>>> print(open('model14.cif').read())   # mmCIF, C-alpha atoms
data_upload
loop_
_atom_site.label_atom_id
_atom_site.label_comp_id
_atom_site.auth_asym_id
_atom_site.auth_seq_id
_atom_site.Cartn_x
_atom_site.Cartn_y
_atom_site.Cartn_z
CA MET A 1 130.01 110.26 108.69
CA PHE A 2 127.32 108.65 106.58
CA LYS A 3 129.68 105.95 105.32
CA SER A 4 130.95 105.21 108.84
CA ASN A 5 127.49 104.79 110.30
CA ILE A 6 126.34 102.60 107.42
CA PHE A 7 129.41 100.46 108.01
CA LYS A 8 128.64 100.34 111.75
CA GLN A 9 125.17 98.96 111.03
CA TYR A 10 126.66 96.40 108.67
CA ILE A 11 129.24 95.25 111.25
CA GLU A 12 126.56 94.75 113.91
CA PHE A 13 124.35 92.94 111.40
CA ARG A 14 127.21 90.59 110.46
CA ARG A 15 128.44 89.94 114.00
CA TYR A 16 124.95 89.30 115.37
CA LEU A 17 123.61 87.53 112.28
CA THR A 18 122.10 84.72 114.37
CA ASN A 19 120.00 87.21 116.31
CA THR A 20 118.86 88.87 113.06
CA LEU A 21 117.86 85.54 111.52
CA LEU A 22 116.01 84.61 114.71
CA GLU A 23 114.14 87.93 114.55
CA LEU A 24 113.09 87.21 110.96
CA PHE A 25 112.00 83.70 111.98
CA ILE A 26 109.83 85.12 114.77
CA PHE A 27 108.24 87.60 112.34
CA TYR A 28 107.60 84.69 109.96
CA VAL A 29 105.98 82.56 112.68
CA ILE A 30 103.71 85.44 113.70
CA LEU A 31 102.73 86.00 110.07
CA MET A 32 101.90 82.32 109.62
CA ALA A 33 99.84 82.38 112.81
CA LEU A 34 97.90 85.37 111.46
CA PHE A 35 97.44 83.68 108.10
CA LEU A 36 96.30 80.33 109.51
CA GLY A 37 94.02 81.96 112.06
CA PHE A 38 92.41 84.20 109.46
CA ASN A 39 92.15 81.31 107.02
CA THR A 40 90.43 79.14 109.64
CA PHE A 41 87.89 81.63 110.95
CA ALA A 42 87.28 83.78 107.89
CA GLY A 43 87.78 81.33 105.04
CA GLN A 44 84.12 81.48 104.00
CA MET A 45 83.91 85.27 103.87
CA ASP A 46 83.12 87.08 100.64
CA HIS A 47 86.21 88.40 98.83
CA PHE A 48 88.38 86.28 101.12
CA GLY A 49 91.34 86.53 98.72
CA GLU A 50 91.42 90.32 98.93
CA LYS A 51 91.12 90.24 102.71
CA ILE A 52 93.97 87.79 103.22
CA GLU A 53 96.14 89.88 100.88
CA TYR A 54 95.32 92.87 103.07
CA VAL A 55 96.47 90.95 106.17
CA VAL A 56 99.77 89.85 104.62
CA ALA A 57 100.55 93.22 103.00
CA GLY A 58 99.70 95.13 106.18
CA TYR A 59 101.95 92.89 108.25
CA LEU A 60 104.95 93.27 105.91
CA ILE A 61 104.52 97.06 105.82
CA TRP A 62 104.26 97.08 109.62
CA ILE A 63 107.63 95.29 109.94
CA PHE A 64 109.31 97.81 107.65
CA ALA A 65 107.71 100.79 109.43
CA LEU A 66 108.74 99.34 112.78
CA THR A 67 112.36 99.25 111.67
CA ALA A 68 112.28 102.85 110.42
CA MET A 69 110.49 104.29 113.47
CA GLN A 70 111.87 102.29 116.37
CA SER A 71 115.45 101.59 115.39
CA ILE A 72 116.76 105.00 116.41
CA GLY A 73 115.03 104.79 119.79
CA TRP A 74 116.84 101.53 120.47
CA GLU A 75 120.09 103.09 119.19
CA VAL A 76 119.88 105.92 121.74
CA TYR A 77 118.80 103.49 124.46
CA THR A 78 121.80 101.25 123.69
CA ASP A 79 124.26 104.17 123.56
CA MET A 80 123.16 105.28 127.03
CA GLN A 81 123.57 101.75 128.41
CA ARG A 82 127.02 101.42 126.83
CA GLY A 83 128.06 104.85 128.06
CA THR A 84 128.86 106.07 124.55
CA MET A 85 126.19 108.76 124.32
CA ASP A 86 128.56 111.53 125.47
CA GLN A 87 131.05 110.54 122.78
CA LEU A 88 128.51 111.34 120.07
CA TYR A 89 128.28 114.90 121.39
CA MET A 90 132.06 115.31 121.19
CA THR A 91 131.97 115.05 117.40
CA PRO A 92 131.80 118.20 115.22
CA ILE A 93 128.67 116.86 113.49
CA SER A 94 125.15 117.41 114.80
CA VAL A 95 123.91 114.29 116.58
CA TRP A 96 120.60 114.30 114.69
CA LYS A 97 122.56 113.89 111.46
CA ILE A 98 124.47 110.95 112.93
CA LEU A 99 121.23 109.34 114.06
CA LEU A 100 119.64 109.95 110.66
CA SER A 101 122.53 108.18 108.93
CA ARG A 102 122.10 105.27 111.36
CA MET A 103 118.40 105.07 110.57
CA ILE A 104 119.11 105.02 106.85
CA GLY A 105 121.74 102.32 107.34
CA LYS A 106 119.36 100.24 109.45
CA VAL A 107 116.60 100.51 106.85
CA LEU A 108 118.96 99.61 103.99
CA ILE A 109 120.19 96.49 105.77
CA GLN A 110 116.79 95.43 107.09
CA SER A 111 115.29 95.84 103.62
CA SER A 112 117.06 92.68 102.54
CA GLY A 113 115.47 90.82 105.43
CA VAL A 114 112.02 92.18 104.67
CA ALA A 115 112.45 91.26 101.00
CA LEU A 116 113.43 87.71 101.98
CA LEU A 117 110.48 87.48 104.37
CA THR A 118 108.15 88.73 101.62
CA ILE A 119 109.31 86.07 99.17
CA VAL A 120 109.14 83.24 101.72
CA SER A 121 105.71 84.33 102.99
CA MET A 122 104.26 84.54 99.46
CA VAL A 123 105.58 81.07 98.57
CA THR A 124 104.33 79.59 101.85
CA THR A 125 100.89 81.18 101.95
CA GLY A 126 100.20 81.28 98.23
CA VAL A 127 99.25 84.97 98.57
CA TYR A 128 101.19 86.75 95.85
CA LEU A 129 101.37 90.51 96.22
CA ASN A 130 102.24 93.00 93.51
CA THR A 131 105.96 93.67 93.82
CA ASP A 132 106.23 96.41 91.21
CA LEU A 133 109.36 98.11 92.56
CA ILE A 134 109.02 101.04 90.14
CA SER A 135 105.77 101.93 91.91
CA ILE A 136 106.69 100.83 95.44
CA ILE A 137 110.12 102.42 95.89
CA PRO A 138 109.21 106.11 95.19
CA ILE A 139 106.18 105.91 97.51
CA LEU A 140 108.24 104.13 100.16
CA LEU A 141 111.05 106.70 100.00
CA LEU A 142 108.66 109.59 100.50
CA THR A 143 106.89 107.77 103.34
CA LEU A 144 110.21 107.06 105.06
CA PHE A 145 110.73 110.74 105.87
CA SER A 146 107.65 110.86 108.09
CA MET A 147 108.68 107.54 109.66
CA PHE A 148 112.09 109.01 110.43
CA GLY A 149 110.36 112.01 111.98
CA ILE A 150 108.53 109.74 114.41
CA GLY A 151 111.82 107.96 115.04
CA PHE A 152 113.38 111.25 116.13
CA ILE A 153 110.50 111.91 118.51
CA VAL A 154 110.99 108.47 120.07
CA ALA A 155 114.73 109.15 120.36
CA GLY A 156 114.08 112.51 122.05
CA ILE A 157 111.77 110.89 124.60
CA CYS A 158 114.44 108.26 125.21
CA ILE A 159 117.05 110.92 125.97
CA LEU A 160 114.78 112.47 128.62
CA ILE A 161 113.15 109.51 130.37
CA LYS A 162 115.84 106.86 129.65
CA GLN A 163 113.78 103.70 130.28
CA VAL A 164 111.62 103.40 127.16
CA ASP A 165 111.57 99.66 126.46
CA ASN A 166 107.93 99.29 127.54
CA LEU A 167 107.01 102.42 125.58
CA LEU A 168 108.61 100.98 122.46
CA ILE A 169 106.70 97.71 122.91
CA LEU A 170 103.41 99.63 123.28
CA PHE A 171 104.32 101.64 120.19
CA GLN A 172 104.57 98.42 118.15
CA PHE A 173 100.93 97.53 118.79
CA LEU A 174 99.69 101.07 118.21
CA LEU A 175 101.53 101.17 114.90
CA MET A 176 100.05 97.83 113.84
CA SER A 177 96.51 99.04 114.57
CA PHE A 178 97.01 102.18 112.47
CA VAL A 179 98.52 100.19 109.58
CA TYR A 180 95.50 97.89 109.43
CA ILE A 181 92.78 100.56 109.68
CA PRO A 182 91.51 101.31 106.12
CA ILE A 183 91.90 105.01 105.44
CA GLU A 184 88.51 105.14 103.72
CA LYS A 185 86.90 104.08 107.02
CA ALA A 186 88.69 106.83 108.95
CA PRO A 187 89.68 109.63 106.52
CA PHE A 188 91.18 111.76 109.29
CA LEU A 189 94.02 109.22 109.59
CA LYS A 190 95.58 110.55 106.41
CA TYR A 191 96.83 113.52 108.44
CA PHE A 192 98.75 111.18 110.74
CA PRO A 193 102.41 110.47 109.96
CA CYS A 194 103.08 107.90 107.20
CA ILE A 195 99.49 106.57 107.12
CA TYR A 196 98.73 108.08 103.71
CA GLY A 197 101.90 106.59 102.26
CA VAL A 198 101.10 103.22 103.82
CA ASP A 199 97.65 103.34 102.21
CA MET A 200 99.22 104.05 98.81
CA LEU A 201 101.60 101.12 99.32
CA LYS A 202 98.69 98.80 100.13
CA GLN A 203 96.87 99.96 97.00
CA THR A 204 99.96 99.16 94.94
CA MET A 205 100.63 95.78 96.53
CA ILE A 206 97.02 94.56 96.73
CA ASN A 207 95.07 96.35 94.01
CA HIS A 208 97.99 96.56 91.54
CA VAL A 209 97.69 100.35 91.29
CA SER A 210 100.72 101.60 89.38
CA LEU A 211 102.73 104.72 90.13
CA TRP A 212 101.17 106.59 87.23
CA GLU A 213 97.62 105.94 88.41
CA PHE A 214 98.05 108.09 91.50
CA SER A 215 97.25 111.75 91.04
CA VAL A 216 99.63 114.68 91.46
CA GLY A 217 97.54 115.62 94.50
CA ASP A 218 98.28 112.25 96.11
CA PHE A 219 102.02 112.74 95.82
CA ALA A 220 101.81 116.40 96.83
CA PHE A 221 99.93 115.49 100.01
CA LEU A 222 102.36 112.66 100.77
CA LEU A 223 105.35 114.96 100.21
CA VAL A 224 103.99 117.72 102.46
CA ASN A 225 102.94 115.22 105.14
CA SER A 226 106.37 113.59 105.19
CA PHE A 227 108.23 116.92 105.19
CA VAL A 228 106.13 118.34 108.05
CA TYR A 229 106.54 115.30 110.29
CA PHE A 230 110.24 114.98 109.53
CA CYS A 231 110.86 118.60 110.49
CA LEU A 232 108.62 118.25 113.53
CA GLY A 233 110.51 115.13 114.62
CA VAL A 234 113.93 116.75 114.25
CA GLY A 235 112.69 119.89 116.04
CA LEU A 236 111.29 117.94 119.00
CA PHE A 237 114.45 115.86 119.19
CA ARG A 238 116.58 119.01 119.36
CA LEU A 239 114.28 120.39 122.07
CA CYS A 240 114.60 117.21 124.16
CA GLU A 241 118.33 117.20 123.50
CA ASN A 242 118.77 120.79 124.77
CA THR A 243 116.57 120.07 127.79
CA ALA A 244 118.70 117.04 128.70
CA ILE A 245 121.90 119.08 128.32
CA LYS A 246 120.58 121.85 130.58
CA LYS A 247 119.57 119.31 133.23
CA GLY A 248 122.92 117.48 132.91
CA ILE A 249 121.27 114.13 132.20
CA LEU A 250 122.29 113.65 128.59
CA GLY A 251 124.53 110.60 128.99
CA LYS A 252 123.23 109.38 132.32
CA TYR A 253 121.31 106.15 132.56
#
>>> encode(input="model14.cif", output="structure tokens")
Amino acid sequence: MFKSNIFKQYIEFRRYLTNTLLELFIFYVILMALFLGFNTFAGQMDHFGEKIEYVVAGYLIWIFALTAMQSIGWEVYTDMQRGTMDQLYMTPISVWKILLSRMIGKVLIQSSGVALLTIVSMVTTGVYLNTDLISIIPILLLTLFSMFGIGFIVAGICILIKQVDNLLILFQFLLMSFVYIPIEKAPFLKYFPCIYGVDMLKQTMINHVSLWEFSVGDFAFLLVNSFVYFCLGVGLFRLCENTAIKKGILGKY
């Protein structure tokens, strides 16, 4: 099942490569607009270098988080439009496991695009972030679980209310605002899904904090946060799923 869904994501990526490249180009244009705008209006600020690094790092993390959280909502939305949603429920495997494998496949494939965008943006802007993969990857993997949890909640809402395209667009801007808010300015945000992990990623990419400089408490909190939101997401998805089945609206669009 996992292999099949990874392969499905790869096939769609290959067949619609032009659309994927166009998406990356749009993300790049938006990043350059942010960079040039910030450079123009805030170029004389104290510690400008640190602030522009914060803008670039936050934007790249936002793109990755967007893929992890929204992709499954679009998957469910697309399955309902294609009329293939009912087919998923005819398999002997729980649908949440199928959707999880699709999310993982989407993230794996999109990671190459984000990596390419990171390299191009650093060369273009001259803002070089710390790309210590030994520190970034473990934090990112733990953070992904809470992102997937939110993805399941979005998918559950999609199953119930069907038309969620405007909701997903609104979610993009809400996510961007949370990514850019410094956690030291609003400590309560660390209890939100993935925000603590995002803050650790920004510390690594901007302040060159290595994996070993974080405390055991940091990783314990991140692990618990991710586990709780992942379980919550799967639980709410199953609840929405059962509600849709009882109402007979599971595959209807």
>>> closest_residue(input="model14.cif", among="A:Gln81, A:Gln87, A:Gln110, A:Gln203", to="Phe64 of chain A", atoms="all atoms listed in the file")
A:Gln110
>>> closest_residue(input="model14.cif", among="A:Ala65, A:Lys202, A:Leu160, A:Lys8", to="Ile249 of chain A", atoms="only C-alpha atoms")
A:Leu160
>>> closest_residue(input="model14.cif", among="A:Thr143, A:Gln172, A:Asn166, A:Thr204", to="Val228 of chain A", atoms="all atoms listed in the file")
A:Thr143
>>> resolve_selection(input="model14.cif", expression="the PyMOL selection byres ((chain A and resi 97) around 12)", output="PyMOL selection string")
chain A and resi 1-2+5+72+88-89+91-96+98-104+148+152+234+237-238
>>> atom_distance(input="model14.cif", atom1="atom CA of Gly156 of chain A", atom2="atom CA of Gly73 of chain A")
8.1 Å
>>> closest_residue(input="model14.cif", among="A:Ile195, A:Ala244, A:Leu17, A:Leu175", to="Leu66 of chain A", atoms="only C-alpha atoms")
A:Leu175
>>> residues_around(input="model14.cif", residues="segment 111-117 of chain A", least_positions_apart="2", cutoff="9 Å", atoms="all atoms listed in the file", output="list in words")
Thr20, Leu21, Leu24, Phe25, Phe27, Tyr28, Leu60, Ile63, Phe64, Lys106, Val107, Leu108, Ile109, Ile119, Val120, Ser121 and Met122 of chain A
>>> residues_around(input="model14.cif", residues="Leu223 of chain A", least_positions_apart="4", cutoff="12 Å", atoms="only C-alpha atoms", output="list of chain:residue names")
A:Pro138, A:Ile139, A:Leu140, A:Leu141, A:Leu142, A:Thr143, A:Leu144, A:Phe145, A:Ser146, A:Tyr191, A:Pro193, A:Cys194, A:Tyr196, A:Gly197, A:Val216, A:Gly217, A:Asp218, A:Phe219, A:Phe227, A:Val228, A:Tyr229, A:Phe230
